[in-house]
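Notes to accompany the following structure.
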Number of protein chains: 2
Amino acid sequence: MVDTAARTEAKPATPAARSAGGPKVDVAALGRQLLGTWADIRLASRERAAMPELQRIEGQTMAEHRERVLGQLKLLVEQGAVHRAFPKALGGEDDHGGNIAAFEELVIADPSLQIKSGVQWGLFGAAVLHLGTKPHHEKFLPAIMSLEVPGAFAMTEIGHGSDVAAIATTATYDPETEEFVIHTPFRAAWKEYLGNAGLHGKHATVFAQLITNGVNHGVHCFYVPIRDDEGNFLPGVGGEDDGLKGGLNGIDNGRLHFTNVRIPRENLLNRYGDVAADGSYSSPIQSPGRRFFTMLGTLVQGRVSLDGAATVASAMGLTIAITYGNQRRQFTASSDTEEEVLLDYQRHQRRLLPRLATTYAQYFAHDEFLVKFDAVFSGAADSDDDRQDLETIAAALKPLSTWHALDTLQEAREACGGAGFIAENRITGLRHDLDIYVTFEGDNNVLLQLVAKRLLTDFSKQFKNADAGAMARYVVSQTAERAYHGTGLRRLGQTIADFGSTARSVSELRDEASQRELLTDRVETMIAEIAGRLRDARKLPKADAAAAFNRNQNELIEAARAHGELLQWEAFTRALARVEDEGTKQVLTWVRDLFGLGLLEKHLAWYLMHGRLSPQRGQAVGAYIDRLVERLRPHAQDLVDAFGFRPEHLRATIATGIEQERQDEARAWFEEQRRAGTLPVPEKSAKK
Amino acid sequence: MVDTAARTEAKPATPAARSAGGPKVDVAALGRQLLGTWADIRLASRERAAMPELQRIEGQTMAEHRERVLGQLKLLVEQGAVHRAFPKALGGEDDHGGNIAAFEELVIADPSLQIKSGVQWGLFGAAVLHLGTKPHHEKFLPAIMSLEVPGAFAMTEIGHGSDVAAIATTATYDPETEEFVIHTPFRAAWKEYLGNAGLHGKHATVFAQLITNGVNHGVHCFYVPIRDDEGNFLPGVGGEDDGLKGGLNGIDNGRLHFTNVRIPRENLLNRYGDVAADGSYSSPIQSPGRRFFTMLGTLVQGRVSLDGAATVASAMGLTIAITYGNQRRQFTASSDTEEEVLLDYQRHQRRLLPRLATTYAQYFAHDEFLVKFDAVFSGAADSDDDRQDLETIAAALKPLSTWHALDTLQEAREACGGAGFIAENRITGLRHDLDIYVTFEGDNNVLLQLVAKRLLTDFSKQFKNADAGAMARYVVSQTAERAYHGTGLRRLGQTIADFGSTARSVSELRDEASQRELLTDRVETMIAEIAGRLRDARKLPKADAAAAFNRNQNELIEAARAHGELLQWEAFTRALARVEDEGTKQVLTWVRDLFGLGLLEKHLAWYLMHGRLSPQRGQAVGAYIDRLVERLRPHAQDLVDAFGFRPEHLRATIATGIEQERQDEARAWFEEQRRAGTLPVPEKSAKK
């Protein structure tokens with residue numbers, strides 16, 4: 001090889017750690033823990049995802065891909081793979097958690113397959129299941145379950161995505177004929193982005209403002225046939241194909257509109273609101289607002305499953321990039337002939353290992369989340385509080401994990417260089433498909449704002465019955481808090497204590513209780529500060545109150561993110577407590593610390609400004625992360641191997657060992673040349 | 001519309017700012033300034049990019065897209081659009097800066113068109129131009145310029161991308177026949193990712209280790225025919241098609257390998273190294289290392305043009321998202337009937353406006369960069385120092401702007417919600433195509449490391465002839481510096497000065513000199529700290545020295561990033577000084593401040609830990625950014641309009657005003673219903 005100054009001087013930073021004597025990961029046991037509560041169901045679903053007929057073929061046209069995915073849905077029906085959440089009486093298993101677990105793993109085969117089956121059974125079918133009643137189940141579910149009737153979930157409109165309550169499609173009751181008239185008053189009210197609406201959908205669950213006797217009872221869901229058996233729109237129904245998208249092109253998204261389309265009164269999915277033959281409206285929930293949220297709440301499973309699927313996709317990207325980064329070499333530094341393995345570069349470790357730690361946190365957080373979901377939907381624990389908690393967790397975790405997937409897949413792509421850009425190495429395709437996960441089933445920013453409002457509400461409840469004195473004391477304590485943390489007094493003390501003693505700073509930072517305190521304190525303080533600033537806003541005129549709220553919107557959303565991060569850290573810490581193997585526990589503790597300290601590093605300015613960390617301790621955060629990635633580097637392959645993906649799952653050429661084979665061949669060639677004395681002399685040496 | 005608690009309470013934060021009386025942007029004048037030094041050439045190229053026949057058709061198959069782009073290259077030749085950099089004697093204009101300016105704008109038509117024309121004329125043709133001599137120009141360039149001979153630029157190998165010096169393809173001179181034998185010894189030495197290699201390329205400029213008389217003289221470039229007129233590989237040449245990629249599928253990337261392919265001695269592009277008929281080697285540059293870098297340096301224009309194209313693509317994404325965000329409404333808050341415009345939400349402003357500020361900085365930095373490039377390549381100022389400076393600037397700016405493009409296009413996509421994901425709205429396609437910009441023409445992380453090494457070298461030059469006393473004094477001053485900045489002494493003083501006076505903190509932060517000092521100081525301090533830590537590493541054994549370097553790699557790369565950000569800030573500030581219109585100057589000053597303070601916010605932890613900002617001043621950074629985005633919000637549309645894209649350039653349905661039309665239609669419908677008294681009563685009101 002030619003020796004030039006172009007080469008980066010670098011060498012493996014961790015030869016010692018890689019030698020014997022350090023802790024070892026029990027990959028099999030860790031893998032079982034990662035699979036979580038529904039491990040067997042996940043494994044069965046992964047077996048399915050390993051079947052070529054369920055996998056994506058890169059480079060298909062949109063039309064071919066759509067046709068293929070439709071066929072794959074039929075295969076899933078034949079294999080009995082998608083009915084787990086439906087009632088036992090109809091051939092299902094009433095198993096909500098297991099259903100989602102199986103569904104999430106389908107992302108391995110093709111995200112289009114995952115999402116199209118989600119549209120059919122998780123949205124369209126689930127709307128009938130959760131918003132309809134027994135007659136609807138018996139009449140509609142069998143054909144939905146068998147895919148005899150593919151259907152669209154027609155909620156979003158062009159004009160209203162996040163603000164579902166403001167959709168403009170109307171369902172006006174006509175007592176003369178005992179029918180609802182479904183109508184689209186203007187272009188902005190067209191239903192939009194609906195899977196199955198472009199091509200395959202025969203029926204749809206249509207969300208519309210229910211109007212009877214001149215009163216608008218708000219958004220309800222109606223069962224509406226849209227196409228005949230030849231695939232032509234029924235009279236009064238129209239639509240357009242959304243055409244090519246940035247990803248998920250195996251799904252036929254489209255638009256629908258209705259011109260005075262009449263459906264029988266019984267097609268109102270009437271679990272939470274009904275209209276009698278005479279047009280009188282009734283509901284088990286009196287408050288229209290609560291009724292609306294109860295109805296939407298039954299559809300939370302979409303958010304649950306995206307959290308899981310995004311985590312699986314992140315794990316796939318990291319497995320590909322770390323496997324490749326563990327073989328690929330570039331530049332010599334520590335020796336004249338041997339090039340460095342990419343993962344031995346500090347920067348490469350810094351790029352991939354913290355993202356691996358976050359992915360681990362998400363695995364553990366997601367399993368707890370899914371257990372909670374199952375408890376609510378099985379009825380084991382489904383109080384109003386349980387449901388609200390579930391929705392808040394969903395709104396906190398789904399944004400974090402879906403953004404993390406995009407960030408991680410992008411970093412994995414770049415870490416694989418040009419090879420990462422080739423479609424056969426999978427990463428770009430996954431990223432294209434998962435792009436939309438951050439804005440569908442709830443825009444991530446809107447969801448985090450919902451979380452923040454919940455946190456604010458919880459906070460203000462503390463003062464609900466407080467008298468003026470209590471409020472005043474609170475204000476004083478807040479001010480004192482600011483003075484204490486904000487002006488350097490506490491920090492100064494810390495500085496003195498820390499001075500010259502980095503070791504002490506680090507040992508406190510890696511302490512579990514310290515991490516918890518720092519992460520918890522940040523959420524609480526951010527919410528308290530915002531609540532303090534908004535304290536008087538309620539008394540203001542509506543427009544001014546809204547302006548005050550808006551001036552805090554960015555920080556509110558950041559507070560919600562901090563809350564989600566804390567949920568993930570807590571789940572990781574609980575999972576850590578369950579690890580029995582000592583070596584695994586040690587390594588996983590480093591991974592958890594890397595996740596926790598990564599959060600501190602990300603928000604370090606906040607901790608410094610609020611006097612929670614001294615400058616010395618702040619510098620220790622970064623230094624300790626550097627040490628953690630060095631320690632974890634020898635375990636990186638074990639940690640991704642524990643995700644349990646087989647080559648049939650990854651289907652990425654660069655993760656098959658081909659890079660190692662090429663290097664071995666090259667090395668053998670050079671050795672042979674050296675032995676034979678046929679290797680040309682470098683010009684530099686020749687001159688000497 | 002239905003009123004529910006689901007709606008976000010928010011209102012336009014800047015009604016006052018939007019009313020008359022504030023500064024106004026002279027959009028036309030600002031637009032001319034943004035076009036930069038080669039404004040007319042850019043405008044002409046944009047006219048071309050507006051031609052449908054040069055534009056991408058979304059949804060074409062890879063084969064169709066490749067064929068279309070090849071045809072478009074022929075159109076460019078017919079239109080005389082791509083020969084500007086070639087010699088006048090051959091029909092060119094010897095205009096290097098103008099050539100790049102025109103080339104960059106082609107990204108508007110289709111990034112595949114931009115990059116494939118870059119492969120043909122900017123890499124393949126440029127290698128002949130810059131590495132060859134007059135006989136090569138006369139013999140090869142005419143057919144390259146006319147596209148009679150499409151060609152590949154065969155530098156990268158599967159085994160070596162960033163480390164070009166280590167490529168393994170050999171060109172061994174055979175004095176018997178006066179030929180070079182081009183040979184691929186093993187699979188890792190296959191040429192890889194080459195545009196035009198998959199299908200269309202007839203010839204190639206192949207980089208290989210030049211071996212003559214048993215000596216390896218390092219990497220040189222050879223002109224090698226690869227396909228006959230029927231498109232079949234010539235004897236000894238083989239290859240594969242890279243197939244589908246994550247983007248840029250209008251380009252036929254592929255792999256090539258050579259089995260003892262013989263080419264005439266004269267096909268060595270011999271400007272920097274030649275082999276006489278007897279096999280003796282000669283070069284005008286004695287040092288093999290310097291020779292190698294000189295050769296590679298002639299190809300810097302790829303990095304220059306990516307910086308410009310990425311900036312244009314960012315501007316397109318922002319124009320689409322801000323135009324849409326300025327029309328799109330969602331949720332009511334400040335009124336009962338009127339929904340809020342997305343761009344009135346603080347979070348939306350925070351998402352888009354800082355990225356707009358960075359894009360402005362990049363426009364100005366890029367123009368200066370291009371002027372520098374033109375000076376070097378025209379010979380007006382092409383000393384060794386000039387060339388090294390140019391390469392350092394390229395290595396600093398290209399990473400920042402290409403990463404910024406991906407980040408900005410992603411945020412723009414999300415800010416447009418589901419509409420952003422539909423291919424016809426352009427953003428996803430641009431992002432897919434630009435993905436590879438961050439790792440080709442130099443991996444971004446590797447480039448930044450080069451910048452950091454240059455900064456370290458410059459730093460150490462200060463001590464080149466220093467005696468032990470000078471070094472000791474330096475060490476002491478460094479330690480004193482740490483003690484001063486690092487332990488809170490200076491910060492404490494600042495804290496006291498700032499206490500209770502946010503206004504003062506802000507006024508200092510928006511001061512140009514303060515921003516410059518803070519940004520400059522960070523680069524200098526980071527480099528000084530790293531240099532200090534590496535001071536003794538040179539004396540260590542090679543492996544230990546490499547380990548020491550590696551432990552600082554992450555921070556080194558961050559220091560290089562800081563340097564690039566400073567270059568952008570300086571260029572923005574110089575451009576600001578040239579603005580004559582008062583209103584424009586005021587608004588643009590806010591944009592520059594937003595860019596500068598955005599950098600401080602991003603690196604706030606560093607400033608706090610190093611005692612450069614007190615906690616109070618640190619908090620003022622975020623608060624002032626909030627004020628700046630409020631102030632800039634009314635000017636957002638003007639600021640993107642100044643980029644000067646017409647609908648034919650953007651070709652994004654959502655940026656055409658269609659959203660406004662739909663809302664106007666909906667509003668008219670509601671008003672008509674209200675007038676007619678046919679609007680149903682909300683249930684809530686009906687109960688009262």
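Just remember, in the structure tokens the first chain shown is A, the second B, etc., residues are 1-based per chain, and ligands are 1-based in the order shown.
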(message) Can you tell me, as an MDAnalysis selection string, which residues in segment 100-236 of chain A count as alpha helix (DSSP H) by DSSP?
(response) chainID A and resid 100:105 111:117 125:131 134:145
Just-selected residues, N, CA and C atoms written as an mmCIF file, in the first residue's frame:
```cif
data_model
loop_
_atom_site.group_PDB
_atom_site.id
_atom_site.type_symbol
_atom_site.label_atom_id
_atom_site.label_comp_id
_atom_site.auth_asym_id
_atom_site.auth_seq_id
_atom_site.Cartn_x
_atom_site.Cartn_y
_atom_site.Cartn_z
ATOM 1 N N ILE A 100 -50.333 -6.528 18.249
ATOM 2 C CA ILE A 100 -49.443 -5.419 17.902
ATOM 3 C C ILE A 100 -48.000 -5.908 17.785
ATOM 4 N N ALA A 101 -47.611 -6.798 18.712
ATOM 5 C CA ALA A 101 -46.238 -7.321 18.668
ATOM 6 C C ALA A 101 -45.962 -7.989 17.323
ATOM 7 N N ALA A 102 -46.884 -8.813 16.878
ATOM 8 C CA ALA A 102 -46.705 -9.504 15.597
ATOM 9 C C ALA A 102 -46.684 -8.517 14.439
ATOM 10 N N PHE A 103 -47.582 -7.548 14.523
ATOM 11 C CA PHE A 103 -47.712 -6.556 13.467
ATOM 12 C C PHE A 103 -46.420 -5.758 13.289
ATOM 13 N N GLU A 104 -45.813 -5.360 14.408
ATOM 14 C CA GLU A 104 -44.607 -4.526 14.357
ATOM 15 C C GLU A 104 -43.464 -5.213 13.610
ATOM 16 N N GLU A 105 -43.364 -6.527 13.793
ATOM 17 C CA GLU A 105 -42.235 -7.247 13.185
ATOM 18 C C GLU A 105 -42.339 -7.292 11.662
ATOM 19 N N PRO A 111 -41.984 -2.293 5.036
ATOM 20 C CA PRO A 111 -42.855 -1.352 5.746
ATOM 21 C C PRO A 111 -44.200 -1.134 5.034
ATOM 22 N N SER A 112 -44.216 -1.255 3.718
ATOM 23 C CA SER A 112 -45.500 -1.120 3.017
ATOM 24 C C SER A 112 -46.455 -2.229 3.440
ATOM 25 N N LEU A 113 -45.930 -3.426 3.586
ATOM 26 C CA LEU A 113 -46.765 -4.542 4.035
ATOM 27 C C LEU A 113 -47.268 -4.259 5.448
ATOM 28 N N GLN A 114 -46.353 -3.785 6.293
ATOM 29 C CA GLN A 114 -46.771 -3.481 7.662
ATOM 30 C C GLN A 114 -47.912 -2.464 7.665
ATOM 31 N N ILE A 115 -47.711 -1.371 6.968
ATOM 32 C CA ILE A 115 -48.679 -0.280 7.051
ATOM 33 C C ILE A 115 -49.973 -0.625 6.310
ATOM 34 N N LYS A 116 -49.871 -1.321 5.195
ATOM 35 C CA LYS A 116 -51.129 -1.661 4.501
ATOM 36 C C LYS A 116 -51.948 -2.640 5.349
ATOM 37 N N SER A 117 -51.299 -3.571 6.017
ATOM 38 C CA SER A 117 -52.077 -4.452 6.884
ATOM 39 C C SER A 117 -52.600 -3.669 8.085
ATOM 40 N N GLY A 125 -60.571 -1.997 10.062
ATOM 41 C CA GLY A 125 -61.196 -3.051 10.860
ATOM 42 C C GLY A 125 -61.369 -2.633 12.313
ATOM 43 N N ALA A 126 -60.352 -1.945 12.862
ATOM 44 C CA ALA A 126 -60.409 -1.552 14.271
ATOM 45 C C ALA A 126 -61.493 -0.509 14.507
ATOM 46 N N ALA A 127 -61.755 0.335 13.521
ATOM 47 C CA ALA A 127 -62.832 1.318 13.678
ATOM 48 C C ALA A 127 -64.162 0.590 13.826
ATOM 49 N N VAL A 128 -64.374 -0.442 13.001
ATOM 50 C CA VAL A 128 -65.613 -1.222 13.111
ATOM 51 C C VAL A 128 -65.644 -1.928 14.470
ATOM 52 N N LEU A 129 -64.498 -2.486 14.858
ATOM 53 C CA LEU A 129 -64.426 -3.230 16.120
ATOM 54 C C LEU A 129 -64.671 -2.332 17.328
ATOM 55 N N HIS A 130 -63.991 -1.189 17.372
ATOM 56 C CA HIS A 130 -64.032 -0.366 18.582
ATOM 57 C C HIS A 130 -65.122 0.698 18.576
ATOM 58 N N LEU A 131 -65.520 1.155 17.409
ATOM 59 C CA LEU A 131 -66.551 2.201 17.376
ATOM 60 C C LEU A 131 -67.920 1.622 17.035
ATOM 61 N N LYS A 134 -72.103 -4.933 18.298
ATOM 62 C CA LYS A 134 -72.146 -6.319 17.872
ATOM 63 C C LYS A 134 -72.721 -6.537 16.458
ATOM 64 N N PRO A 135 -73.825 -5.886 16.133
ATOM 65 C CA PRO A 135 -74.357 -6.099 14.765
ATOM 66 C C PRO A 135 -73.335 -5.719 13.684
ATOM 67 N N HIS A 136 -72.592 -4.659 13.920
ATOM 68 C CA HIS A 136 -71.554 -4.268 12.953
ATOM 69 C C HIS A 136 -70.467 -5.324 12.874
ATOM 70 N N HIS A 137 -70.078 -5.815 14.066
ATOM 71 C CA HIS A 137 -69.019 -6.833 14.092
ATOM 72 C C HIS A 137 -69.443 -8.024 13.259
ATOM 73 N N GLU A 138 -70.671 -8.474 13.504
ATOM 74 C CA GLU A 138 -71.133 -9.682 12.809
ATOM 75 C C GLU A 138 -71.321 -9.438 11.315
ATOM 76 N N LYS A 139 -71.775 -8.265 10.997
ATOM 77 C CA LYS A 139 -72.073 -7.983 9.587
ATOM 78 C C LYS A 139 -70.811 -7.648 8.779
ATOM 79 N N PHE A 140 -69.926 -6.849 9.362
ATOM 80 C CA PHE A 140 -68.803 -6.328 8.555
ATOM 81 C C PHE A 140 -67.467 -7.033 8.800
ATOM 82 N N LEU A 141 -67.217 -7.452 10.052
ATOM 83 C CA LEU A 141 -65.851 -7.922 10.357
ATOM 84 C C LEU A 141 -65.407 -9.161 9.569
ATOM 85 N N PRO A 142 -66.271 -10.160 9.385
ATOM 86 C CA PRO A 142 -65.777 -11.341 8.660
ATOM 87 C C PRO A 142 -65.157 -11.002 7.300
ATOM 88 N N ALA A 143 -65.827 -10.152 6.527
ATOM 89 C CA ALA A 143 -65.289 -9.818 5.200
ATOM 90 C C ALA A 143 -64.054 -8.920 5.296
ATOM 91 N N ILE A 144 -63.983 -8.164 6.388
ATOM 92 C CA ILE A 144 -62.780 -7.342 6.594
ATOM 93 C C ILE A 144 -61.614 -8.247 6.981
ATOM 94 N N MET A 145 -61.882 -9.170 7.894
ATOM 95 C CA MET A 145 -60.822 -10.076 8.352
ATOM 96 C C MET A 145 -60.289 -10.920 7.199
#
```
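The strand (DSSP E or B) portion of segment 37-181 of chain B consists of Gly151, Ala152, Phe153, Ala154, Glu157, Thr170, Ala171, Thr172, Tyr173, Asp174, Glu179, Phe180 and Val181 of chain B, with states taken from DSSP on the backbone.
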Convert the current residue selection to file output with C-alpha atoms, as a compact mmCIF listing (two decimals), in the first residue's frame.
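Output file part_29.txt is given in full below:
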```txt
# COMPACT_ATOMS: atom_id res chain seq x y z
CA GLY B 151 -17.10 8.61 -19.71
CA ALA B 152 -16.57 7.43 -16.19
CA PHE B 153 -14.29 8.88 -13.54
CA ALA B 154 -12.77 5.72 -12.12
CA GLU B 157 -12.59 1.38 -5.41
CA THR B 170 -2.11 -0.98 -11.00
CA ALA B 171 -0.81 0.58 -14.20
CA THR B 172 2.45 -1.18 -14.93
CA TYR B 173 4.62 0.15 -17.71
CA ASP B 174 5.83 -2.30 -20.33
CA GLU B 179 2.14 0.40 -23.09
CA PHE B 180 0.66 0.59 -19.62
CA VAL B 181 -1.05 -2.52 -18.34
```
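Closest approach to Gln330 of chain A among B:Val446, B:Leu76, B:Leu576, B:Ala668: B:Val446, based on only C-alpha atoms.
Distances here use only C-alpha atoms; by that measure, the residue among A:Gly118, A:Gly622, A:Pro541, A:Gly418 closest to Asn253 of chain B is A:Gly418.
The neighbours of Arg574 of chain B here are the residues that come within 10 Å of it, using only C-alpha atoms and leaving out any residue fewer than 5 positions away in the same chain; they are Phe364, Ala365, Glu368, Gln568, Trp569 and Val579 of chain B.
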